[in-house]
$ cat work.pdb   # PDB, C-alpha atoms
ATOM      1  CA  MET H  34     170.153 224.908  75.882  1.00  0.00           C
ATOM      2  CA  PRO H  35     173.065 226.157  73.749  1.00  0.00           C
ATOM      3  CA  MET H  36     174.932 229.206  75.028  1.00  0.00           C
ATOM      4  CA  ASN H  37     174.167 232.683  73.730  1.00  0.00           C
ATOM      5  CA  LYS H  38     177.463 233.761  72.145  1.00  0.00           C
ATOM      6  CA  LEU H  39     176.456 237.210  70.906  1.00  0.00           C
ATOM      7  CA  VAL H  40     178.595 240.143  72.054  1.00  0.00           C
ATOM      8  CA  ARG H  41     177.754 243.809  71.659  1.00  0.00           C
ATOM      9  CA  SER H  42     180.742 245.055  69.667  1.00  0.00           C
ATOM     10  CA  ALA H  43     183.923 244.069  67.892  1.00  0.00           C
ATOM     11  CA  ASP H  44     185.915 245.777  70.655  1.00  0.00           C
ATOM     12  CA  GLU H  45     184.248 243.606  73.285  1.00  0.00           C
ATOM     13  CA  ALA H  46     184.829 240.522  71.158  1.00  0.00           C
ATOM     14  CA  VAL H  47     188.637 240.981  71.085  1.00  0.00           C
ATOM     15  CA  ALA H  48     189.019 242.373  74.594  1.00  0.00           C
ATOM     16  CA  ASP H  49     190.964 239.345  75.883  1.00  0.00           C
ATOM     17  CA  VAL H  50     193.380 238.977  72.953  1.00  0.00           C
ATOM     18  CA  PHE H  51     196.774 239.114  74.656  1.00  0.00           C
ATOM     19  CA  ASP H  52     200.246 240.249  73.656  1.00  0.00           C
ATOM     20  CA  GLY H  53     202.160 237.519  71.840  1.00  0.00           C
ATOM     21  CA  ALA H  54     199.055 235.649  70.681  1.00  0.00           C
ATOM     22  CA  VAL H  55     198.969 233.500  67.550  1.00  0.00           C
ATOM     23  CA  ILE H  56     195.934 234.572  65.499  1.00  0.00           C
ATOM     24  CA  HIS H  57     194.317 233.147  62.377  1.00  0.00           C
ATOM     25  CA  PHE H  58     192.799 235.832  60.138  1.00  0.00           C
ATOM     26  CA  GLY H  59     190.199 234.526  57.691  1.00  0.00           C
ATOM     27  CA  GLY H  60     189.762 235.735  54.152  1.00  0.00           C
ATOM     28  CA  PHE H  61     190.706 235.026  50.559  1.00  0.00           C
ATOM     29  CA  ALA H  62     192.024 238.128  48.801  1.00  0.00           C
ATOM     30  CA  ALA H  63     189.487 240.781  49.848  1.00  0.00           C
ATOM     31  CA  ARG H  64     186.653 238.269  50.426  1.00  0.00           C
ATOM     32  CA  GLY H  65     185.637 237.127  53.877  1.00  0.00           C
ATOM     33  CA  VAL H  66     188.156 239.273  55.758  1.00  0.00           C
ATOM     34  CA  PRO H  67     187.083 240.120  59.354  1.00  0.00           C
ATOM     35  CA  TYR H  68     187.676 243.831  58.823  1.00  0.00           C
ATOM     36  CA  ASP H  69     185.808 245.057  61.901  1.00  0.00           C
ATOM     37  CA  LEU H  70     187.545 242.635  64.257  1.00  0.00           C
ATOM     38  CA  ILE H  71     190.930 243.606  62.773  1.00  0.00           C
ATOM     39  CA  ALA H  72     190.107 247.292  63.264  1.00  0.00           C
ATOM     40  CA  ALA H  73     189.118 246.588  66.882  1.00  0.00           C
ATOM     41  CA  LEU H  74     192.394 244.753  67.448  1.00  0.00           C
ATOM     42  CA  ARG H  75     194.261 247.749  66.063  1.00  0.00           C
ATOM     43  CA  ARG H  76     192.434 250.041  68.478  1.00  0.00           C
ATOM     44  CA  LYS H  77     193.297 247.703  71.326  1.00  0.00           C
ATOM     45  CA  GLY H  78     196.976 247.880  70.412  1.00  0.00           C
ATOM     46  CA  THR H  79     197.882 244.261  71.210  1.00  0.00           C
ATOM     47  CA  LYS H  80     201.565 243.681  70.402  1.00  0.00           C
ATOM     48  CA  ASN H  81     203.966 240.937  69.253  1.00  0.00           C
ATOM     49  CA  LEU H  82     201.324 239.020  67.336  1.00  0.00           C
ATOM     50  CA  THR H  83     201.935 236.056  65.067  1.00  0.00           C
ATOM     51  CA  ALA H  84     199.467 236.592  62.220  1.00  0.00           C
ATOM     52  CA  VAL H  85     198.373 233.653  60.063  1.00  0.00           C
ATOM     53  CA  CYS H  86     196.542 234.448  56.822  1.00  0.00           C
ATOM     54  CA  ASN H  87     196.442 233.554  53.158  1.00  0.00           C
ATOM     55  CA  ASP H  88     197.405 237.043  51.995  1.00  0.00           C
ATOM     56  CA  ILE H  89     197.632 240.704  52.910  1.00  0.00           C
ATOM     57  CA  TRP H  90     196.840 243.582  50.580  1.00  0.00           C
ATOM     58  CA  GLY H  91     197.738 246.632  52.622  1.00  0.00           C
ATOM     59  CA  GLY H  92     198.881 249.700  50.742  1.00  0.00           C
ATOM     60  CA  TRP H  93     196.889 248.639  47.701  1.00  0.00           C
ATOM     61  CA  ARG H  94     193.296 249.758  47.114  1.00  0.00           C
ATOM     62  CA  ASN H  95     193.034 250.667  50.808  1.00  0.00           C
ATOM     63  CA  PHE H  96     192.222 247.162  52.039  1.00  0.00           C
ATOM     64  CA  ALA H  97     192.165 247.440  55.843  1.00  0.00           C
ATOM     65  CA  ASP H  98     193.257 243.859  56.469  1.00  0.00           C
ATOM     66  CA  VAL H  99     196.137 242.472  58.576  1.00  0.00           C
ATOM     67  CA  SER H 100     198.363 245.118  57.009  1.00  0.00           C
ATOM     68  CA  ILE H 101     196.925 247.783  59.318  1.00  0.00           C
ATOM     69  CA  LEU H 102     198.220 245.762  62.271  1.00  0.00           C
ATOM     70  CA  VAL H 103     201.611 245.506  60.576  1.00  0.00           C
ATOM     71  CA  ALA H 104     201.629 249.243  59.920  1.00  0.00           C
ATOM     72  CA  ASN H 105     200.824 249.804  63.610  1.00  0.00           C
ATOM     73  CA  ARG H 106     203.823 247.672  64.647  1.00  0.00           C
ATOM     74  CA  GLN H 107     201.623 245.011  66.250  1.00  0.00           C
ATOM     75  CA  VAL H 108     202.851 241.992  64.246  1.00  0.00           C
ATOM     76  CA  LYS H 109     206.189 240.295  64.965  1.00  0.00           C
ATOM     77  CA  LYS H 110     205.725 237.361  62.567  1.00  0.00           C
ATOM     78  CA  LEU H 111     203.605 236.711  59.483  1.00  0.00           C
ATOM     79  CA  ILE H 112     202.737 233.194  58.283  1.00  0.00           C
ATOM     80  CA  ALA H 113     201.185 233.521  54.828  1.00  0.00           C
ATOM     81  CA  THR H 114     201.183 232.419  51.204  1.00  0.00           C
ATOM     82  CA  PHE H 115     201.037 235.912  49.666  1.00  0.00           C
ATOM     83  CA  PRO H 116     202.688 238.468  51.983  1.00  0.00           C
ATOM     84  CA  VAL H 117     202.442 241.218  49.338  1.00  0.00           C
ATOM     85  CA  PRO H 118     200.003 241.856  46.468  1.00  0.00           C
ATOM     86  CA  ALA H 119     200.796 240.247  43.124  1.00  0.00           C
ATOM     87  CA  SER H 120     201.100 243.689  41.493  1.00  0.00           C
ATOM     88  CA  PRO H 121     201.556 246.292  44.248  1.00  0.00           C
ATOM     89  CA  LEU H 122     201.279 249.917  43.260  1.00  0.00           C
ATOM     90  CA  GLU H 123     203.485 250.943  46.157  1.00  0.00           C
ATOM     91  CA  LYS H 124     205.604 249.421  48.892  1.00  0.00           C
ATOM     92  CA  THR H 125     203.423 247.832  51.570  1.00  0.00           C
ATOM     93  CA  PRO H 126     204.039 248.258  55.318  1.00  0.00           C
ATOM     94  CA  PHE H 127     204.925 244.582  55.562  1.00  0.00           C
ATOM     95  CA  GLU H 128     207.489 244.665  52.753  1.00  0.00           C
ATOM     96  CA  GLU H 129     209.174 247.725  54.220  1.00  0.00           C
ATOM     97  CA  GLN H 130     209.389 246.200  57.707  1.00  0.00           C
ATOM     98  CA  TRP H 131     210.520 242.808  56.408  1.00  0.00           C
ATOM     99  CA  ARG H 132     213.321 244.321  54.341  1.00  0.00           C
ATOM    100  CA  ALA H 133     214.404 246.241  57.439  1.00  0.00           C
ATOM    101  CA  GLY H 134     214.469 243.049  59.519  1.00  0.00           C
ATOM    102  CA  GLN H 135     211.682 244.284  61.782  1.00  0.00           C
ATOM    103  CA  VAL H 136     209.170 241.489  61.147  1.00  0.00           C
ATOM    104  CA  GLU H 137     209.627 237.769  60.513  1.00  0.00           C
ATOM    105  CA  LEU H 138     208.105 235.931  57.547  1.00  0.00           C
ATOM    106  CA  GLU H 139     207.231 232.270  57.136  1.00  0.00           C
ATOM    107  CA  MET H 140     205.968 231.692  53.599  1.00  0.00           C
ATOM    108  CA  VAL H 141     203.805 228.603  53.144  1.00  0.00           C
ATOM    109  CA  PRO H 142     202.522 227.118  49.861  1.00  0.00           C
ATOM    110  CA  GLN H 143     198.782 227.694  49.677  1.00  0.00           C
ATOM    111  CA  GLY H 144     197.768 224.029  49.680  1.00  0.00           C
ATOM    112  CA  THR H 145     200.121 223.314  52.562  1.00  0.00           C
ATOM    113  CA  LEU H 146     198.671 226.244  54.505  1.00  0.00           C
ATOM    114  CA  ALA H 147     195.147 224.917  53.992  1.00  0.00           C
ATOM    115  CA  GLU H 148     196.158 221.414  55.097  1.00  0.00           C
ATOM    116  CA  ARG H 149     198.078 222.641  58.152  1.00  0.00           C
ATOM    117  CA  LEU H 150     194.926 224.455  59.248  1.00  0.00           C
ATOM    118  CA  ARG H 151     192.679 221.478  58.507  1.00  0.00           C
ATOM    119  CA  ALA H 152     195.016 219.151  60.395  1.00  0.00           C
ATOM    120  CA  ALA H 153     194.959 221.415  63.451  1.00  0.00           C
ATOM    121  CA  GLY H 154     191.173 221.436  63.458  1.00  0.00           C
ATOM    122  CA  ALA H 155     191.052 217.649  63.100  1.00  0.00           C
ATOM    123  CA  GLY H 156     193.522 217.009  65.913  1.00  0.00           C
ATOM    124  CA  ILE H 157     196.258 215.751  63.580  1.00  0.00           C
ATOM    125  CA  PRO H 158     199.648 217.049  64.817  1.00  0.00           C
ATOM    126  CA  ALA H 159     201.588 216.680  61.552  1.00  0.00           C
ATOM    127  CA  PHE H 160     201.512 215.195  58.061  1.00  0.00           C
ATOM    128  CA  TYR H 161     203.773 214.475  55.097  1.00  0.00           C
ATOM    129  CA  THR H 162     203.440 216.274  51.766  1.00  0.00           C
ATOM    130  CA  PRO H 163     205.468 216.276  48.527  1.00  0.00           C
ATOM    131  CA  THR H 164     204.912 220.021  48.112  1.00  0.00           C
ATOM    132  CA  GLY H 165     208.122 221.972  48.548  1.00  0.00           C
ATOM    133  CA  VAL H 166     210.576 219.074  48.228  1.00  0.00           C
ATOM    134  CA  GLY H 167     213.825 220.314  46.697  1.00  0.00           C
ATOM    135  CA  THR H 168     212.979 223.989  47.302  1.00  0.00           C
ATOM    136  CA  GLN H 169     213.652 226.538  50.036  1.00  0.00           C
ATOM    137  CA  PHE H 170     210.470 225.360  51.773  1.00  0.00           C
ATOM    138  CA  ALA H 171     212.270 222.115  52.665  1.00  0.00           C
ATOM    139  CA  LYS H 172     215.029 223.845  54.636  1.00  0.00           C
ATOM    140  CA  GLY H 173     215.316 222.400  58.140  1.00  0.00           C
ATOM    141  CA  LYS H 174     212.354 220.033  57.746  1.00  0.00           C
ATOM    142  CA  GLU H 175     212.269 216.301  58.268  1.00  0.00           C
ATOM    143  CA  THR H 176     211.854 214.231  55.106  1.00  0.00           C
ATOM    144  CA  ARG H 177     210.841 210.637  54.436  1.00  0.00           C
ATOM    145  CA  VAL H 178     210.455 208.487  51.363  1.00  0.00           C
ATOM    146  CA  PHE H 179     207.150 206.708  50.684  1.00  0.00           C
ATOM    147  CA  ASP H 180     206.750 204.494  47.609  1.00  0.00           C
ATOM    148  CA  GLY H 181     209.918 205.936  46.167  1.00  0.00           C
ATOM    149  CA  ARG H 182     208.898 209.577  46.536  1.00  0.00           C
ATOM    150  CA  GLU H 183     210.264 212.132  49.010  1.00  0.00           C
ATOM    151  CA  TYR H 184     207.926 214.005  51.358  1.00  0.00           C
ATOM    152  CA  LEU H 185     208.255 216.864  53.872  1.00  0.00           C
ATOM    153  CA  LEU H 186     206.916 216.739  57.404  1.00  0.00           C
ATOM    154  CA  GLU H 187     204.637 219.720  58.041  1.00  0.00           C
ATOM    155  CA  LEU H 188     203.216 220.638  61.449  1.00  0.00           C
ATOM    156  CA  ALA H 189     199.586 221.478  62.139  1.00  0.00           C
ATOM    157  CA  LEU H 190     198.979 225.204  62.515  1.00  0.00           C
ATOM    158  CA  LYS H 191     197.066 225.905  65.714  1.00  0.00           C
ATOM    159  CA  ALA H 192     196.251 229.343  67.117  1.00  0.00           C
ATOM    160  CA  ASP H 193     195.149 231.043  70.292  1.00  0.00           C
ATOM    161  CA  PHE H 194     192.442 232.973  68.425  1.00  0.00           C
ATOM    162  CA  ALA H 195     190.763 232.876  65.023  1.00  0.00           C
ATOM    163  CA  LEU H 196     189.044 235.970  63.636  1.00  0.00           C
ATOM    164  CA  VAL H 197     186.639 235.010  60.867  1.00  0.00           C
ATOM    165  CA  HIS H 198     183.896 236.594  58.774  1.00  0.00           C
ATOM    166  CA  ALA H 199     180.637 234.861  57.875  1.00  0.00           C
ATOM    167  CA  HIS H 200     177.618 235.935  55.871  1.00  0.00           C
ATOM    168  CA  ARG H 201     174.978 234.742  58.333  1.00  0.00           C
ATOM    169  CA  GLY H 202     174.975 233.292  61.817  1.00  0.00           C
ATOM    170  CA  ASP H 203     172.868 232.736  64.897  1.00  0.00           C
ATOM    171  CA  ARG H 204     173.475 233.410  68.574  1.00  0.00           C
ATOM    172  CA  TYR H 205     174.698 229.856  69.077  1.00  0.00           C
ATOM    173  CA  GLY H 206     177.607 230.416  66.696  1.00  0.00           C
ATOM    174  CA  ASN H 207     176.441 228.438  63.655  1.00  0.00           C
ATOM    175  CA  LEU H 208     177.915 230.073  60.545  1.00  0.00           C
ATOM    176  CA  VAL H 209     177.119 230.260  56.823  1.00  0.00           C
ATOM    177  CA  TYR H 210     179.661 231.751  54.389  1.00  0.00           C
ATOM    178  CA  ASN H 211     179.292 233.551  51.082  1.00  0.00           C
ATOM    179  CA  LYS H 212     181.172 232.241  48.022  1.00  0.00           C
ATOM    180  CA  ALA H 213     184.965 232.811  48.203  1.00  0.00           C
ATOM    181  CA  ALA H 214     184.768 233.683  51.904  1.00  0.00           C
ATOM    182  CA  ARG H 215     184.447 229.951  52.495  1.00  0.00           C
ATOM    183  CA  ASN H 216     188.050 229.246  51.419  1.00  0.00           C
ATOM    184  CA  PHE H 217     189.970 229.853  54.648  1.00  0.00           C
ATOM    185  CA  ASN H 218     187.431 230.929  57.274  1.00  0.00           C
ATOM    186  CA  PRO H 219     186.039 227.432  58.046  1.00  0.00           C
ATOM    187  CA  PRO H 220     189.356 225.625  58.683  1.00  0.00           C
ATOM    188  CA  MET H 221     190.654 228.564  60.702  1.00  0.00           C
ATOM    189  CA  ALA H 222     187.522 228.553  62.835  1.00  0.00           C
ATOM    190  CA  MET H 223     188.201 224.915  63.725  1.00  0.00           C
ATOM    191  CA  ALA H 224     191.921 225.338  64.423  1.00  0.00           C
ATOM    192  CA  ALA H 225     191.908 227.905  67.259  1.00  0.00           C
ATOM    193  CA  LYS H 226     191.287 227.780  70.991  1.00  0.00           C
ATOM    194  CA  VAL H 227     188.941 230.780  70.720  1.00  0.00           C
ATOM    195  CA  THR H 228     187.069 231.603  67.504  1.00  0.00           C
ATOM    196  CA  ILE H 229     185.453 235.013  67.112  1.00  0.00           C
ATOM    197  CA  ALA H 230     183.083 235.517  64.183  1.00  0.00           C
ATOM    198  CA  GLU H 231     181.818 238.754  62.710  1.00  0.00           C
ATOM    199  CA  VAL H 232     178.684 238.244  60.627  1.00  0.00           C
ATOM    200  CA  ASP H 233     176.649 240.352  58.245  1.00  0.00           C
ATOM    201  CA  ASP H 234     173.295 239.129  59.550  1.00  0.00           C
ATOM    202  CA  ILE H 235     172.112 237.444  62.738  1.00  0.00           C
ATOM    203  CA  VAL H 236     169.075 235.183  62.451  1.00  0.00           C
ATOM    204  CA  GLU H 237     167.025 233.317  65.014  1.00  0.00           C
ATOM    205  CA  PRO H 238     168.061 229.764  65.900  1.00  0.00           C
ATOM    206  CA  GLY H 239     166.459 227.357  63.463  1.00  0.00           C
ATOM    207  CA  GLU H 240     166.343 229.825  60.563  1.00  0.00           C
ATOM    208  CA  LEU H 241     169.620 228.640  59.059  1.00  0.00           C
ATOM    209  CA  ASP H 242     169.331 225.688  56.703  1.00  0.00           C
ATOM    210  CA  PRO H 243     171.280 222.928  58.497  1.00  0.00           C
ATOM    211  CA  GLU H 244     172.627 221.786  55.117  1.00  0.00           C
ATOM    212  CA  ALA H 245     174.122 225.267  54.583  1.00  0.00           C
ATOM    213  CA  VAL H 246     175.879 225.525  57.960  1.00  0.00           C
ATOM    214  CA  VAL H 247     179.610 225.089  57.326  1.00  0.00           C
ATOM    215  CA  THR H 248     180.948 225.924  60.797  1.00  0.00           C
ATOM    216  CA  PRO H 249     178.853 224.481  63.649  1.00  0.00           C
ATOM    217  CA  GLY H 250     178.552 226.572  66.776  1.00  0.00           C
ATOM    218  CA  ILE H 251     180.662 224.130  68.792  1.00  0.00           C
ATOM    219  CA  PHE H 252     183.746 225.696  67.161  1.00  0.00           C
ATOM    220  CA  VAL H 253     182.727 229.326  67.819  1.00  0.00           C
ATOM    221  CA  GLN H 254     182.990 231.158  71.136  1.00  0.00           C
ATOM    222  CA  ARG H 255     181.808 234.674  70.186  1.00  0.00           C
ATOM    223  CA  VAL H 256     179.644 236.237  67.490  1.00  0.00           C
ATOM    224  CA  VAL H 257     179.234 239.924  66.674  1.00  0.00           C
ATOM    225  CA  ARG H 258     177.061 241.517  64.015  1.00  0.00           C
ATOM    226  CA  VAL H 259     178.844 244.081  61.851  1.00  0.00           C
ATOM    227  CA  PRO H 260     177.624 246.422  59.122  1.00  0.00           C
ATOM    228  CA  LYS H 261     177.422 244.586  55.807  1.00  0.00           C
ATOM    229  CA  LYS H 262     180.335 245.327  53.466  1.00  0.00           C
ATOM    230  CA  LYS H 263     179.822 246.245  49.839  1.00  0.00           C
TER     231      LYS H 263
END
$ encode --input "work.pdb" --output "structure tokens"
Amino acid sequence: MPMNKLVRSADEAVADVFDGAVIHFGGFAARGVPYDLIAALRRKGTKNLTAVCNDIWGGWRNFADVSILVANRQVKKLIATFPVPASPLEKTPFEEQWRAGQVELEMVPQGTLAERLRAAGAGIPAFYTPTGVGTQFAKGKETRVFDGREYLLELALKADFALVHAHRGDRYGNLVYNKAARNFNPPMAMAAKVTIAEVDDIVEPGELDPEAVVTPGIFVQRVVRVPKKK
């Protein structure tokens, strides 16, 4: 029989996240962000994290995303496409720390970020892409020419942990996402050694439509039910 992966709380779910870990944080803008797991990680106080995400919105509209870990001095490096909001109303904790040289930033084009995650989940160590050729993203990277066009070598982006948010799940770890939450959560769930999923609703095994399951339970180690977000 499949293993029961349910845990009692978000705090229990992140109890073994260690200092210096590389962590994937799911979400697309404010959709599909594992807010409760992030809050638990802040309470735990784990330090020197490398945070991988599409974007952070902290300091704007009170989104309690990865920015609360930055504000708490828990992040040493951010790998992201949008490290600050497109139109911030105030300086974010990340921007202030980055300008002060207190946190490192690796900006990644959005499509490249998605493919680096997908490659990690598929067991592909690296790939070539034309994105970023001739720009600052090419600095220090290997290049090759295929069919007369130059490409950059990009490395797969693996992690020690992935924190993801799903709409529904079962105790075996099968996950269904809601709309835009599907953008980055599924590839991140596949690209980490340990994937921890917070879900709005837990259903009995067999209740999920197999055709709707995006992340099979084989990729998920822990599941916790959290209050549904508005």
$ atom_distance --input "work.pdb" --atom1 "CA of Lys212 in chain H" --atom2 "CA of Tyr161 in chain H"
29.6 Å
$ closest_residue --input "work.pdb" --among "H:Pro220, H:Val108, H:Gly250, H:Arg201" --to "Asp234 in chain H" --atoms "all atoms listed in the file"
H:Arg201
$ resolve_selection --input "work.pdb" --expression "the PyMOL selection byres ((chain H and resi 205-208) around 9)" --output "PyMOL selection string"
chain H and resi 35-39+199-204+209-210+219+230+232+238+241+245-256
$ write_last_selection --input "work.pdb" --atoms "C-alpha atoms" --output "PDB file, in the coordinates of the input"
ATOM      1  CA  PRO H  35     173.065 226.157  73.749  1.00  0.00           C
ATOM      2  CA  MET H  36     174.932 229.206  75.028  1.00  0.00           C
ATOM      3  CA  ASN H  37     174.167 232.683  73.730  1.00  0.00           C
ATOM      4  CA  LYS H  38     177.463 233.761  72.145  1.00  0.00           C
ATOM      5  CA  LEU H  39     176.456 237.210  70.906  1.00  0.00           C
ATOM      6  CA  ALA H 199     180.637 234.861  57.875  1.00  0.00           C
ATOM      7  CA  HIS H 200     177.618 235.935  55.871  1.00  0.00           C
ATOM      8  CA  ARG H 201     174.978 234.742  58.333  1.00  0.00           C
ATOM      9  CA  GLY H 202     174.975 233.292  61.817  1.00  0.00           C
ATOM     10  CA  ASP H 203     172.868 232.736  64.897  1.00  0.00           C
ATOM     11  CA  ARG H 204     173.475 233.410  68.574  1.00  0.00           C
ATOM     12  CA  VAL H 209     177.119 230.260  56.823  1.00  0.00           C
ATOM     13  CA  TYR H 210     179.661 231.751  54.389  1.00  0.00           C
ATOM     14  CA  PRO H 219     186.039 227.432  58.046  1.00  0.00           C
ATOM     15  CA  ALA H 230     183.083 235.517  64.183  1.00  0.00           C
ATOM     16  CA  VAL H 232     178.684 238.244  60.627  1.00  0.00           C
ATOM     17  CA  PRO H 238     168.061 229.764  65.900  1.00  0.00           C
ATOM     18  CA  LEU H 241     169.620 228.640  59.059  1.00  0.00           C
ATOM     19  CA  ALA H 245     174.122 225.267  54.583  1.00  0.00           C
ATOM     20  CA  VAL H 246     175.879 225.525  57.960  1.00  0.00           C
ATOM     21  CA  VAL H 247     179.610 225.089  57.326  1.00  0.00           C
ATOM     22  CA  THR H 248     180.948 225.924  60.797  1.00  0.00           C
ATOM     23  CA  PRO H 249     178.853 224.481  63.649  1.00  0.00           C
ATOM     24  CA  GLY H 250     178.552 226.572  66.776  1.00  0.00           C
ATOM     25  CA  ILE H 251     180.662 224.130  68.792  1.00  0.00           C
ATOM     26  CA  PHE H 252     183.746 225.696  67.161  1.00  0.00           C
ATOM     27  CA  VAL H 253     182.727 229.326  67.819  1.00  0.00           C
ATOM     28  CA  GLN H 254     182.990 231.158  71.136  1.00  0.00           C
ATOM     29  CA  ARG H 255     181.808 234.674  70.186  1.00  0.00           C
ATOM     30  CA  VAL H 256     179.644 236.237  67.490  1.00  0.00           C
TER      31      VAL H 256
END
$ closest_residue --input "work.pdb" --among "H:Lys80, H:Arg215, H:His57, H:Arg106" --to "Ala153 in chain H" --atoms "only C-alpha atoms"
H:His57
$ residues_around --input "work.pdb" --residues "Val166 in chain H" --least-positions-apart "2" --cutoff "10 Å" --atoms "only C-alpha atoms" --output "mmCIF file with C-alpha atoms, in the frame of the given file"
data_model
loop_
_atom_site.group_PDB
_atom_site.id
_atom_site.type_symbol
_atom_site.label_atom_id
_atom_site.label_comp_id
_atom_site.auth_asym_id
_atom_site.auth_seq_id
_atom_site.Cartn_x
_atom_site.Cartn_y
_atom_site.Cartn_z
ATOM 1 C CA THR H 162 203.440 216.274 51.766
ATOM 2 C CA PRO H 163 205.468 216.276 48.527
ATOM 3 C CA THR H 164 204.912 220.021 48.112
ATOM 4 C CA THR H 168 212.979 223.989 47.302
ATOM 5 C CA GLN H 169 213.652 226.538 50.036
ATOM 6 C CA PHE H 170 210.470 225.360 51.773
ATOM 7 C CA ALA H 171 212.270 222.115 52.665
ATOM 8 C CA LYS H 172 215.029 223.845 54.636
ATOM 9 C CA LYS H 174 212.354 220.033 57.746
ATOM 10 C CA THR H 176 211.854 214.231 55.106
ATOM 11 C CA ARG H 182 208.898 209.577 46.536
ATOM 12 C CA GLU H 183 210.264 212.132 49.010
ATOM 13 C CA TYR H 184 207.926 214.005 51.358
ATOM 14 C CA LEU H 185 208.255 216.864 53.872
#
$ resolve_selection --input "work.pdb" --expression "the PyMOL selection byres ((chain H and resi 259) around 7)" --output "list in words"
Glu231, Val232, Asp233, Val257, Arg258, Pro260 and Lys261 of chain H
$ atom_distance --input "work.pdb" --atom1 "CA of Met221 in chain H" --atom2 "CA of Gly134 in chain H"
27.9 Å
$ closest_residue --input "work.pdb" --among "H:Val66, H:Val141, H:Leu146, H:Leu74" --to "Phe51 in chain H" --atoms "only C-alpha atoms"
H:Leu74
